[in-house]
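Student: run_21.cif is reproduced in full below (mmCIF, C-alpha atoms).
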```cif
data_query
#
loop_
_atom_site.group_PDB
_atom_site.id
_atom_site.type_symbol
_atom_site.label_atom_id
_atom_site.label_comp_id
_atom_site.auth_asym_id
_atom_site.auth_seq_id
_atom_site.Cartn_x
_atom_site.Cartn_y
_atom_site.Cartn_z
ATOM 1 C CA MET A 2 -83.193 -96.579 -157.203
ATOM 2 C CA GLU A 3 -79.882 -98.233 -158.068
ATOM 3 C CA SER A 4 -78.020 -94.903 -158.168
ATOM 4 C CA LEU A 5 -79.546 -93.758 -154.857
ATOM 5 C CA MET A 6 -78.671 -97.072 -153.256
ATOM 6 C CA LYS A 7 -75.056 -96.741 -154.409
ATOM 7 C CA VAL A 8 -74.744 -93.303 -152.785
ATOM 8 C CA PHE A 9 -75.800 -94.689 -149.395
ATOM 9 C CA TRP A 10 -73.622 -97.746 -149.950
ATOM 10 C CA ASP A 11 -70.564 -95.609 -150.704
ATOM 11 C CA LYS A 12 -71.074 -92.841 -148.142
ATOM 12 C CA GLY A 13 -73.333 -94.260 -145.426
ATOM 13 C CA TYR A 14 -76.518 -92.670 -144.171
ATOM 14 C CA GLU A 15 -75.072 -89.862 -142.070
ATOM 15 C CA ALA A 16 -72.520 -88.677 -144.643
ATOM 16 C CA THR A 17 -75.044 -88.688 -147.496
ATOM 17 C CA THR A 18 -76.615 -85.306 -148.172
ATOM 18 C CA MET A 19 -79.803 -84.514 -150.016
ATOM 19 C CA GLN A 20 -77.590 -82.836 -152.621
ATOM 20 C CA ASP A 21 -75.798 -86.175 -153.143
ATOM 21 C CA LEU A 22 -79.156 -87.846 -153.685
ATOM 22 C CA VAL A 23 -80.383 -85.111 -156.033
ATOM 23 C CA LYS A 24 -77.214 -85.473 -158.096
ATOM 24 C CA ALA A 25 -77.443 -89.288 -158.189
ATOM 25 C CA SER A 26 -81.124 -89.351 -159.085
ATOM 26 C CA GLY A 27 -81.051 -86.591 -161.656
ATOM 27 C CA LEU A 28 -84.248 -85.254 -160.099
ATOM 28 C CA LEU A 29 -84.874 -81.827 -158.703
ATOM 29 C CA LYS A 30 -84.899 -81.658 -154.917
ATOM 30 C CA GLY A 31 -88.663 -81.050 -154.835
ATOM 31 C CA SER A 32 -89.288 -84.018 -157.104
ATOM 32 C CA LEU A 33 -87.110 -86.243 -154.942
ATOM 33 C CA TYR A 34 -88.989 -85.162 -151.824
ATOM 34 C CA GLY A 35 -92.263 -85.618 -153.706
ATOM 35 C CA ALA A 36 -91.341 -89.156 -154.704
ATOM 36 C CA PHE A 37 -90.021 -90.332 -151.327
ATOM 37 C CA GLY A 38 -90.811 -87.807 -148.625
ATOM 38 C CA ASP A 39 -87.500 -87.595 -146.813
ATOM 39 C CA LYS A 40 -83.942 -88.914 -146.609
ATOM 40 C CA GLN A 41 -84.952 -91.655 -144.181
ATOM 41 C CA THR A 42 -87.574 -93.023 -146.589
ATOM 42 C CA ILE A 43 -85.098 -92.907 -149.471
ATOM 43 C CA TYR A 44 -82.596 -94.830 -147.345
ATOM 44 C CA LEU A 45 -85.116 -97.489 -146.364
ATOM 45 C CA THR A 46 -86.234 -97.830 -149.987
ATOM 46 C CA ALA A 47 -82.590 -98.145 -151.088
ATOM 47 C CA LEU A 48 -81.985 -100.821 -148.433
ATOM 48 C CA LYS A 49 -85.057 -102.738 -149.617
ATOM 49 C CA HIS A 50 -83.775 -102.468 -153.186
ATOM 50 C CA TYR A 51 -80.408 -103.872 -152.080
ATOM 51 C CA ASN A 52 -82.147 -106.737 -150.329
ATOM 52 C CA LEU A 53 -84.383 -107.488 -153.314
ATOM 53 C CA THR A 54 -81.459 -107.469 -155.733
ATOM 54 C CA ARG A 55 -78.131 -108.287 -154.074
ATOM 55 C CA MET A 56 -79.368 -110.392 -151.167
ATOM 56 C CA HIS A 57 -82.080 -112.071 -153.238
ATOM 57 C CA ALA A 58 -79.345 -113.221 -155.624
ATOM 58 C CA GLN A 59 -77.668 -114.962 -152.673
ATOM 59 C CA ILE A 60 -80.939 -116.658 -151.732
ATOM 60 C CA GLU A 61 -81.322 -117.831 -155.339
ATOM 61 C CA ILE A 62 -77.947 -119.567 -155.018
ATOM 62 C CA LEU A 63 -79.306 -121.445 -152.021
ATOM 63 C CA ASN A 64 -82.476 -122.419 -153.891
ATOM 64 C CA ALA A 65 -80.584 -123.649 -156.967
ATOM 65 C CA GLU A 66 -79.692 -127.247 -157.800
ATOM 66 C CA GLY A 67 -76.736 -128.864 -156.089
ATOM 67 C CA SER A 68 -75.632 -130.039 -152.680
ATOM 68 C CA VAL A 69 -75.685 -127.774 -149.665
ATOM 69 C CA ARG A 70 -71.888 -127.807 -149.675
ATOM 70 C CA GLN A 71 -71.859 -126.513 -153.272
ATOM 71 C CA LYS A 72 -74.396 -123.809 -152.439
ATOM 72 C CA ILE A 73 -72.612 -122.549 -149.333
ATOM 73 C CA SER A 74 -69.313 -122.645 -151.192
ATOM 74 C CA ARG A 75 -70.850 -120.449 -153.935
ATOM 75 C CA LEU A 76 -71.993 -117.893 -151.322
ATOM 76 C CA PHE A 77 -68.495 -117.505 -149.940
ATOM 77 C CA ASP A 78 -66.902 -117.733 -153.397
ATOM 78 C CA ASN A 79 -68.958 -114.680 -154.394
ATOM 79 C CA VAL A 80 -67.464 -112.758 -151.471
ATOM 80 C CA ILE A 81 -63.975 -113.961 -152.436
ATOM 81 C CA GLU A 82 -64.401 -112.878 -156.055
ATOM 82 C CA ALA A 83 -65.902 -109.522 -155.043
ATOM 83 C CA THR A 84 -62.995 -108.993 -152.653
ATOM 84 C CA LYS A 85 -60.481 -109.668 -155.404
ATOM 85 C CA ARG A 86 -62.286 -107.160 -157.660
ATOM 86 C CA GLY A 87 -62.492 -104.552 -154.886
ATOM 87 C CA VAL A 88 -66.303 -104.625 -154.849
ATOM 88 C CA PHE A 89 -66.432 -104.681 -151.060
ATOM 89 C CA ALA A 90 -64.456 -101.475 -150.655
ATOM 90 C CA GLY A 91 -67.742 -99.932 -149.492
ATOM 91 C CA GLY A 92 -68.706 -103.053 -147.586
ATOM 92 C CA CYS A 93 -72.055 -104.779 -147.677
ATOM 93 C CA LEU A 94 -74.928 -102.305 -147.491
ATOM 94 C CA LEU A 95 -76.860 -104.640 -145.178
ATOM 95 C CA CYS A 96 -73.855 -104.884 -142.839
ATOM 96 C CA ASN A 97 -73.263 -101.138 -143.030
ATOM 97 C CA ALA A 98 -76.914 -100.472 -142.189
ATOM 98 C CA SER A 99 -76.696 -102.916 -139.276
ATOM 99 C CA LEU A 100 -73.799 -100.994 -137.794
ATOM 100 C CA GLU A 101 -74.893 -97.449 -138.619
ATOM 101 C CA LYS A 102 -78.685 -97.353 -138.421
ATOM 102 C CA ALA A 103 -80.235 -100.504 -136.957
ATOM 103 C CA VAL A 104 -79.439 -99.505 -133.389
ATOM 104 C CA THR A 105 -81.492 -96.314 -133.620
ATOM 105 C CA ASP A 106 -83.965 -97.014 -136.424
ATOM 106 C CA LYS A 107 -86.625 -99.666 -135.919
ATOM 107 C CA LEU A 108 -87.663 -99.752 -139.598
ATOM 108 C CA VAL A 109 -84.080 -100.363 -140.738
ATOM 109 C CA LYS A 110 -83.630 -102.980 -138.029
ATOM 110 C CA ASN A 111 -86.804 -104.766 -139.149
ATOM 111 C CA GLU A 112 -85.700 -104.743 -142.803
ATOM 112 C CA ILE A 113 -82.360 -106.262 -141.821
ATOM 113 C CA LYS A 114 -84.021 -108.885 -139.644
ATOM 114 C CA THR A 115 -86.412 -109.804 -142.467
ATOM 115 C CA THR A 116 -83.544 -110.292 -144.904
ATOM 116 C CA ILE A 117 -81.522 -112.359 -142.449
ATOM 117 C CA ARG A 118 -84.604 -114.460 -141.725
ATOM 118 C CA ARG A 119 -85.080 -115.094 -145.472
ATOM 119 C CA LEU A 120 -81.432 -116.102 -145.816
ATOM 120 C CA LYS A 121 -81.691 -118.392 -142.801
ATOM 121 C CA VAL A 122 -84.806 -120.122 -144.161
ATOM 122 C CA ALA A 123 -83.017 -120.751 -147.461
ATOM 123 C CA ILE A 124 -79.973 -122.210 -145.700
ATOM 124 C CA VAL A 125 -82.113 -124.352 -143.385
ATOM 125 C CA ASP A 126 -84.050 -125.709 -146.377
ATOM 126 C CA ALA A 127 -80.812 -126.504 -148.222
ATOM 127 C CA VAL A 128 -79.353 -128.281 -145.183
ATOM 128 C CA LYS A 129 -82.559 -130.238 -144.526
ATOM 129 C CA LYS A 130 -82.455 -131.599 -148.089
ATOM 130 C CA GLU A 131 -79.299 -133.410 -146.985
ATOM 131 C CA GLY A 132 -81.252 -135.272 -144.293
ATOM 132 C CA VAL A 133 -80.391 -133.027 -141.335
ATOM 133 C CA ASN A 134 -83.137 -132.401 -138.770
ATOM 134 C CA GLU A 135 -84.722 -128.968 -138.320
ATOM 135 C CA ASP A 136 -82.930 -128.035 -135.085
ATOM 136 C CA GLN A 137 -79.479 -128.970 -136.325
ATOM 137 C CA ALA A 138 -80.156 -127.283 -139.679
ATOM 138 C CA ALA A 139 -81.199 -124.084 -137.881
ATOM 139 C CA SER A 140 -78.058 -124.182 -135.742
ATOM 140 C CA LEU A 141 -75.832 -124.679 -138.782
ATOM 141 C CA ALA A 142 -77.643 -121.877 -140.617
ATOM 142 C CA ALA A 143 -77.114 -119.458 -137.728
ATOM 143 C CA PHE A 144 -73.392 -120.234 -137.693
ATOM 144 C CA ILE A 145 -73.043 -119.939 -141.467
ATOM 145 C CA ILE A 146 -74.898 -116.619 -141.525
ATOM 146 C CA SER A 147 -72.604 -115.256 -138.820
ATOM 147 C CA ALA A 148 -69.530 -116.406 -140.714
ATOM 148 C CA TYR A 149 -70.888 -115.156 -144.044
ATOM 149 C CA PHE A 150 -71.705 -111.648 -142.843
ATOM 150 C CA GLY A 151 -68.492 -111.599 -140.839
ATOM 151 C CA THR A 152 -66.518 -112.182 -144.023
ATOM 152 C CA ARG A 153 -68.418 -109.363 -145.732
ATOM 153 C CA VAL A 154 -67.446 -106.976 -142.916
ATOM 154 C CA LEU A 155 -63.842 -108.204 -142.969
ATOM 155 C CA ALA A 156 -63.731 -107.760 -146.751
ATOM 156 C CA LYS A 157 -64.543 -104.076 -146.249
ATOM 157 C CA ALA A 158 -61.670 -103.880 -143.764
ATOM 158 C CA GLY A 159 -59.306 -105.303 -146.381
ATOM 159 C CA ALA A 160 -59.123 -108.916 -145.242
ATOM 160 C CA PRO A 161 -57.360 -111.068 -147.805
ATOM 161 C CA ALA A 162 -59.437 -113.370 -149.994
ATOM 162 C CA ALA A 163 -57.501 -116.317 -148.544
ATOM 163 C CA MET A 164 -58.954 -115.596 -145.080
ATOM 164 C CA ILE A 165 -62.464 -115.652 -146.508
ATOM 165 C CA GLY A 166 -61.612 -118.928 -148.223
ATOM 166 C CA GLU A 167 -60.484 -120.405 -144.911
ATOM 167 C CA THR A 168 -63.766 -119.326 -143.309
ATOM 168 C CA ARG A 169 -65.665 -120.957 -146.186
ATOM 169 C CA ASP A 170 -63.679 -124.167 -145.747
ATOM 170 C CA HIS A 171 -64.427 -124.335 -142.024
ATOM 171 C CA CYS A 172 -68.140 -123.851 -142.693
ATOM 172 C CA LEU A 173 -68.085 -126.590 -145.317
ATOM 173 C CA GLN A 174 -66.489 -129.007 -142.837
ATOM 174 C CA LEU A 175 -69.597 -128.680 -140.655
ATOM 175 C CA LEU A 176 -71.992 -129.574 -143.457
ATOM 176 C CA PRO A 177 -73.103 -133.097 -144.343
ATOM 177 C CA ARG A 178 -71.779 -134.791 -147.447
ATOM 178 C CA ARG A 179 -74.398 -135.974 -149.899
ATOM 179 C CA GLN A 180 -74.749 -139.734 -149.807
ATOM 180 C CA GLY A 181 -74.768 -141.868 -152.939
#
```
Represent the supplied structure as structure tokens.
Tutor:
Amino acid sequence: MESLMKVFWDKGYEATTMQDLVKASGLLKGSLYGAFGDKQTIYLTALKHYNLTRMHAQIEILNAEGSVRQKISRLFDNVIEATKRGVFAGGCLLCNASLEKAVTDKLVKNEIKTTIRRLKVAIVDAVKKEGVNEDQAASLAAFIISAYFGTRVLAKAGAPAAMIGETRDHCLQLLPRRQG
């Protein structure tokens, strides 16, 4: 699934052909159709794989030990490091799917919404551990998610790592400092 996901990530849904997917999978076309059914199902499965691997890793950061400021800083630091290494040349697959397919494909839209909801819950939980009430934590999480995905889109457009760092720093200023 990793190789199929990377094809969609690099080329997008519309530009990806079944021949691209056959080549990436190493399967015969009939076997690929037999395993998944159609291009749309392969795409949705690849998006789920991305969410269970790449996005789940981000949620794990939020569930790890440390203050909320450390956790949010790590999220943005990952984007900064990936930007410096050129990893975001193809953008974030979740962001790409949001722009290319979510408008016209309800299943893709639902997968994206589910992943964003999971990320928001993890951020809210991290913020609440610092003594912030549920409503304020949810508001902070919504802002941070917008800034976080915004930096991932900007990274694809070639934004400098310093700009992403500035966005991180502004988000951190909104977060409570751990007492004691």
Student: Please indicate the distance in Å from CA of Leu155 (chain A) to CA of Tyr44 (chain A), rounded to one decimal place.
Tutor: 23.4 Å
Student: Mind checking which residues fall within 12 Å of region 81-85 of chain A, counting only C-alpha atoms, ignoring those fewer than 4 positions away in the same chain, and posting them as a PyMOL selection string?
Tutor: chain A and resi 74-77+89-93+149+152-169
Student: Could you make a table, as CSV, of the residues of region 52-93 of chain A that have an atom within 7 Å of an atom of region 111-124 of chain A, each with its nearest atom pair and distance in Å to one decimal, counting only C-alpha atoms, in chain and number order?
Tutor:
```
residue,atom,partner,partner_atom,distance
A:Asn52,CA,A:Thr116,CA,6.6
A:Ile60,CA,A:Leu120,CA,6.0
A:Leu63,CA,A:Ala123,CA,5.9
A:Asn64,CA,A:Ala123,CA,6.7
```
Student: How would you write, as a list in words, the residues chosen by the PyMOL selection byres ((chain A and resi 2-6) around 7) on this structure?
Tutor: Lys7, Val8, Phe9, Trp10, Leu22, Ala25, Ser26, Ala47 and Leu48 of chain A
Student: Would you list the contacts of Phe144 (chain A) as JSON, numbers by chain, taking every protein, DNA or RNA residue within 12 Å and counting only C-alpha atoms, but skipping same-chain residues closer than 3 positions in sequence?
Tutor: {"A": [73, 121, 124, 125, 137, 138, 139, 140, 141, 147, 148, 149, 150, 151, 168, 169, 171, 172, 173, 175, 176]}
Student: Please dump the current selection as a tab-separated table (two decimals), keeping the file's coordinate frame; keep C-alpha atoms.
Tutor:
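Saved result, part-v3.tsv, follows:
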```
chain	number	residue	atom	x	y	z
A	73	ILE	CA	-72.61	-122.55	-149.33
A	121	LYS	CA	-81.69	-118.39	-142.80
A	124	ILE	CA	-79.97	-122.21	-145.70
A	125	VAL	CA	-82.11	-124.35	-143.38
A	137	GLN	CA	-79.48	-128.97	-136.32
A	138	ALA	CA	-80.16	-127.28	-139.68
A	139	ALA	CA	-81.20	-124.08	-137.88
A	140	SER	CA	-78.06	-124.18	-135.74
A	141	LEU	CA	-75.83	-124.68	-138.78
A	147	SER	CA	-72.60	-115.26	-138.82
A	148	ALA	CA	-69.53	-116.41	-140.71
A	149	TYR	CA	-70.89	-115.16	-144.04
A	150	PHE	CA	-71.70	-111.65	-142.84
A	151	GLY	CA	-68.49	-111.60	-140.84
A	168	THR	CA	-63.77	-119.33	-143.31
A	169	ARG	CA	-65.67	-120.96	-146.19
A	171	HIS	CA	-64.43	-124.34	-142.02
A	172	CYS	CA	-68.14	-123.85	-142.69
A	173	LEU	CA	-68.08	-126.59	-145.32
A	175	LEU	CA	-69.60	-128.68	-140.66
A	176	LEU	CA	-71.99	-129.57	-143.46
```
Student: Which value, in Å to one decimal, gives the distance between CA of Phe37 (chain A) and CA of Glu61 (chain A)?
Tutor: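 Distance between the two atoms: 29.1 Å.
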Student: Between A:Arg178, A:Lys12, A:Arg70, A:His57, single out the one closest to Ala98 (chain A), counting all atoms listed in the file.
Tutor: A:Lys12
Student: Nearest residue to Ala127 (chain A) out of A:Ser32, A:Gln71, A:Ser99, A:Thr18, using all atoms listed in the file?
Tutor: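 The shortest atom-to-atom distance to Ala127 (chain A) comes from A:Gln71.
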Student: Would you please work out which residue, of A:Asn79, A:Val23, A:Asp11, A:Leu94, is nearest to Ile62 (chain A) when using all atoms listed in the file?
Tutor: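 Looking at the shortest contact to Ile62 (chain A), the residue is A:Asn79.
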Student: Would you compute the distance between CA of Tyr34 (chain A) and CA of Met56 (chain A)? Give it in Å to one decimal.
Tutor: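 CA of Met56 (chain A) lies at a distance of 27.0 Å from CA of Tyr34 (chain A).
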